[in-house]
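Colleague: Handing you a structure now.
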Amino acid sequence: MLRGLPAAVRDVDTTQFWAGCDRGEILVQRCNDCRTYRWPPGPGCPSCASTESTWVPVTGNGTVYSWVVVRVPLADALADQVPYAVGLIALDEGIRIVSTISGCELEDIQPDMPVRADFTDTSEDTPIFTFIPT
């Protein structure tokens, strides 16, 4: 889990997501009309243009779709934490979400590697998850 990140901005589109993280769960929007899960959150469904949605929990299970290994810190607070992996995770619900990948050696990360969201190291102001191999 990366330390020293800026506090999350909780705005009209993301308040429910961050409230879920506070409880240790991932919430995403699901369209009330076509039932499509959507990420990132926003005011309208990209599948059917409905403006009606509900925030629902997802399993947090998925696979690694893609990843990069960060070797040059993008902020001074991250200087002592490189290298680390940032992945695009394909959740079982059919959406992709960006987060860190931890719990394994960087060279062991593989495409389609099964992962799950992990909230165990949430010592900062904004509880956030990382993905770990299953």
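Every chain in the structure tokens takes a letter, A first, then B, and so on in the order presented; its residues are numbered from 1, and the ligands are numbered from 1 following the presented order.
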Run DSSP on the backbone and give me the residues of chain A it puts in strand (DSSP E), as a ChimeraX atom specification.
Modeller: /A:27-31,37-38,53-57,61-70,84-91,96-101,114-118,130-133
Colleague: Write out as a ChimeraX atom specification the residues lying within 10 Å of Pro41 of chain A, counting only C-alpha atoms and excluding same-chain residues fewer than 5 positions away.
Modeller: /A:12-14,16-17,27-30,53,55
Colleague: Neighbouring residues of segment 100-116 of chain A were defined as those with any atom within 12 Å, considering only C-alpha atoms; residues of the same chain fewer than 4 positions away were excluded. Please report them as a count of residues only.
Modeller: 40
Colleague: Between atom CA of Leu74 of chain A and atom CA of Asp22 of chain A, what is the distance in Å, rounded to a tenth?
Modeller: 25.7 Å
Colleague: Which is closer to Gly20 of chain A than all the others in A:Pro127, A:Gly94, A:Gly4, A:Pro46, using only C-alpha atoms?
Modeller: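 Of A:Pro127, A:Gly94, A:Gly4, A:Pro46, the one nearest Gly20 of chain A, counting only C-alpha atoms, is A:Pro127.
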Colleague: Enter the distance from atom CA of Cys31 of chain A to atom CA of Arg10 of chain A, in Å, rounded to one decimal.
Modeller: 21.0 Å
Colleague: Between A:Cys48, A:Pro57, A:Ala79, A:Tyr37, which is the closest to Ala19 of chain A once you count only C-alpha atoms?
Modeller: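 Of A:Cys48, A:Pro57, A:Ala79, A:Tyr37, the one nearest Ala19 of chain A, counting only C-alpha atoms, is A:Pro57.
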Colleague: With distances taken over only C-alpha atoms, which residue among A:Thr15, A:Ser99, A:Thr126, A:Ser47 lies nearest Arg35 of chain A?
Modeller: A:Ser47
Colleague: With DSSP run on the backbone, what are the helix (DSSP H, G or I) residues within segment 4-119 of chain A? I'd like them as a list in words.
Modeller: Thr15, Gln16, Phe17, Trp18, Ala19, Gly20, Cys21, Asp22, Asp76, Ala77, Leu78, Ala79, Asp80, Gln81, Leu106, Glu107 and Asp108 of chain A
Colleague: Save out the residues we just selected, N, CA and C atoms, as a PDB file, in the first residue's frame.
Modeller:
ATOM      1  N   THR A  15     -18.429  10.420  -3.857  1.00  0.00           N
ATOM      2  CA  THR A  15     -18.690  10.314  -2.416  1.00  0.00           C
ATOM      3  C   THR A  15     -19.078   8.895  -2.007  1.00  0.00           C
ATOM      4  N   GLN A  16     -19.952   8.260  -2.758  1.00  0.00           N
ATOM      5  CA  GLN A  16     -20.401   6.907  -2.404  1.00  0.00           C
ATOM      6  C   GLN A  16     -19.261   5.885  -2.522  1.00  0.00           C
ATOM      7  N   PHE A  17     -18.407   6.052  -3.530  1.00  0.00           N
ATOM      8  CA  PHE A  17     -17.257   5.158  -3.669  1.00  0.00           C
ATOM      9  C   PHE A  17     -16.370   5.231  -2.431  1.00  0.00           C
ATOM     10  N   TRP A  18     -16.033   6.471  -2.010  1.00  0.00           N
ATOM     11  CA  TRP A  18     -15.161   6.640  -0.850  1.00  0.00           C
ATOM     12  C   TRP A  18     -15.835   6.173   0.429  1.00  0.00           C
ATOM     13  N   ALA A  19     -17.150   6.342   0.536  1.00  0.00           N
ATOM     14  CA  ALA A  19     -17.872   5.829   1.711  1.00  0.00           C
ATOM     15  C   ALA A  19     -17.754   4.307   1.774  1.00  0.00           C
ATOM     16  N   GLY A  20     -17.824   3.648   0.629  1.00  0.00           N
ATOM     17  CA  GLY A  20     -17.627   2.194   0.592  1.00  0.00           C
ATOM     18  C   GLY A  20     -16.226   1.817   1.031  1.00  0.00           C
ATOM     19  N   CYS A  21     -15.226   2.545   0.539  1.00  0.00           N
ATOM     20  CA  CYS A  21     -13.840   2.272   0.948  1.00  0.00           C
ATOM     21  C   CYS A  21     -13.683   2.442   2.456  1.00  0.00           C
ATOM     22  N   ASP A  22     -14.367   3.443   3.022  1.00  0.00           N
ATOM     23  CA  ASP A  22     -14.309   3.639   4.479  1.00  0.00           C
ATOM     24  C   ASP A  22     -14.786   2.398   5.218  1.00  0.00           C
ATOM     25  N   ASP A  76       7.638  13.288  -4.157  1.00  0.00           N
ATOM     26  CA  ASP A  76       8.665  13.070  -3.134  1.00  0.00           C
ATOM     27  C   ASP A  76       8.226  12.046  -2.094  1.00  0.00           C
ATOM     28  N   ALA A  77       6.935  12.040  -1.752  1.00  0.00           N
ATOM     29  CA  ALA A  77       6.425  11.128  -0.730  1.00  0.00           C
ATOM     30  C   ALA A  77       6.538   9.666  -1.155  1.00  0.00           C
ATOM     31  N   LEU A  78       6.708   9.414  -2.448  1.00  0.00           N
ATOM     32  CA  LEU A  78       6.793   8.036  -2.944  1.00  0.00           C
ATOM     33  C   LEU A  78       8.223   7.580  -3.193  1.00  0.00           C
ATOM     34  N   ALA A  79       9.186   8.451  -2.956  1.00  0.00           N
ATOM     35  CA  ALA A  79      10.578   8.162  -3.300  1.00  0.00           C
ATOM     36  C   ALA A  79      11.107   6.891  -2.662  1.00  0.00           C
ATOM     37  N   ASP A  80      10.721   6.618  -1.424  1.00  0.00           N
ATOM     38  CA  ASP A  80      11.242   5.432  -0.745  1.00  0.00           C
ATOM     39  C   ASP A  80      10.389   4.190  -1.002  1.00  0.00           C
ATOM     40  N   GLN A  81       9.409   4.286  -1.904  1.00  0.00           N
ATOM     41  CA  GLN A  81       8.493   3.168  -2.141  1.00  0.00           C
ATOM     42  C   GLN A  81       8.629   2.553  -3.534  1.00  0.00           C
ATOM     43  N   LEU A 106       7.386  -8.249  -8.070  1.00  0.00           N
ATOM     44  CA  LEU A 106       6.978  -7.545  -9.285  1.00  0.00           C
ATOM     45  C   LEU A 106       7.142  -8.412 -10.528  1.00  0.00           C
ATOM     46  N   GLU A 107       8.196  -9.202 -10.578  1.00  0.00           N
ATOM     47  CA  GLU A 107       8.415 -10.046 -11.758  1.00  0.00           C
ATOM     48  C   GLU A 107       7.440 -11.221 -11.842  1.00  0.00           C
ATOM     49  N   ASP A 108       6.684 -11.476 -10.781  1.00  0.00           N
ATOM     50  CA  ASP A 108       5.704 -12.564 -10.798  1.00  0.00           C
ATOM     51  C   ASP A 108       4.343 -12.133 -11.334  1.00  0.00           C
TER      52      ASP A 108
END
Colleague: Determine the nearest neighbour of Asp118 of chain A from the options A:Ala7, A:Ile97, A:Cys34, A:Gly24, counting only C-alpha atoms.
Modeller: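 Smallest separation from Asp118 of chain A among the options: A:Gly24.
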Colleague: Interatomic distance between atom CA of Cys45 of chain A and atom CA of Val9 of chain A?
Modeller: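 So the two atoms, atom CA of Cys45 of chain A and atom CA of Val9 of chain A, lie 22.1 Å apart.
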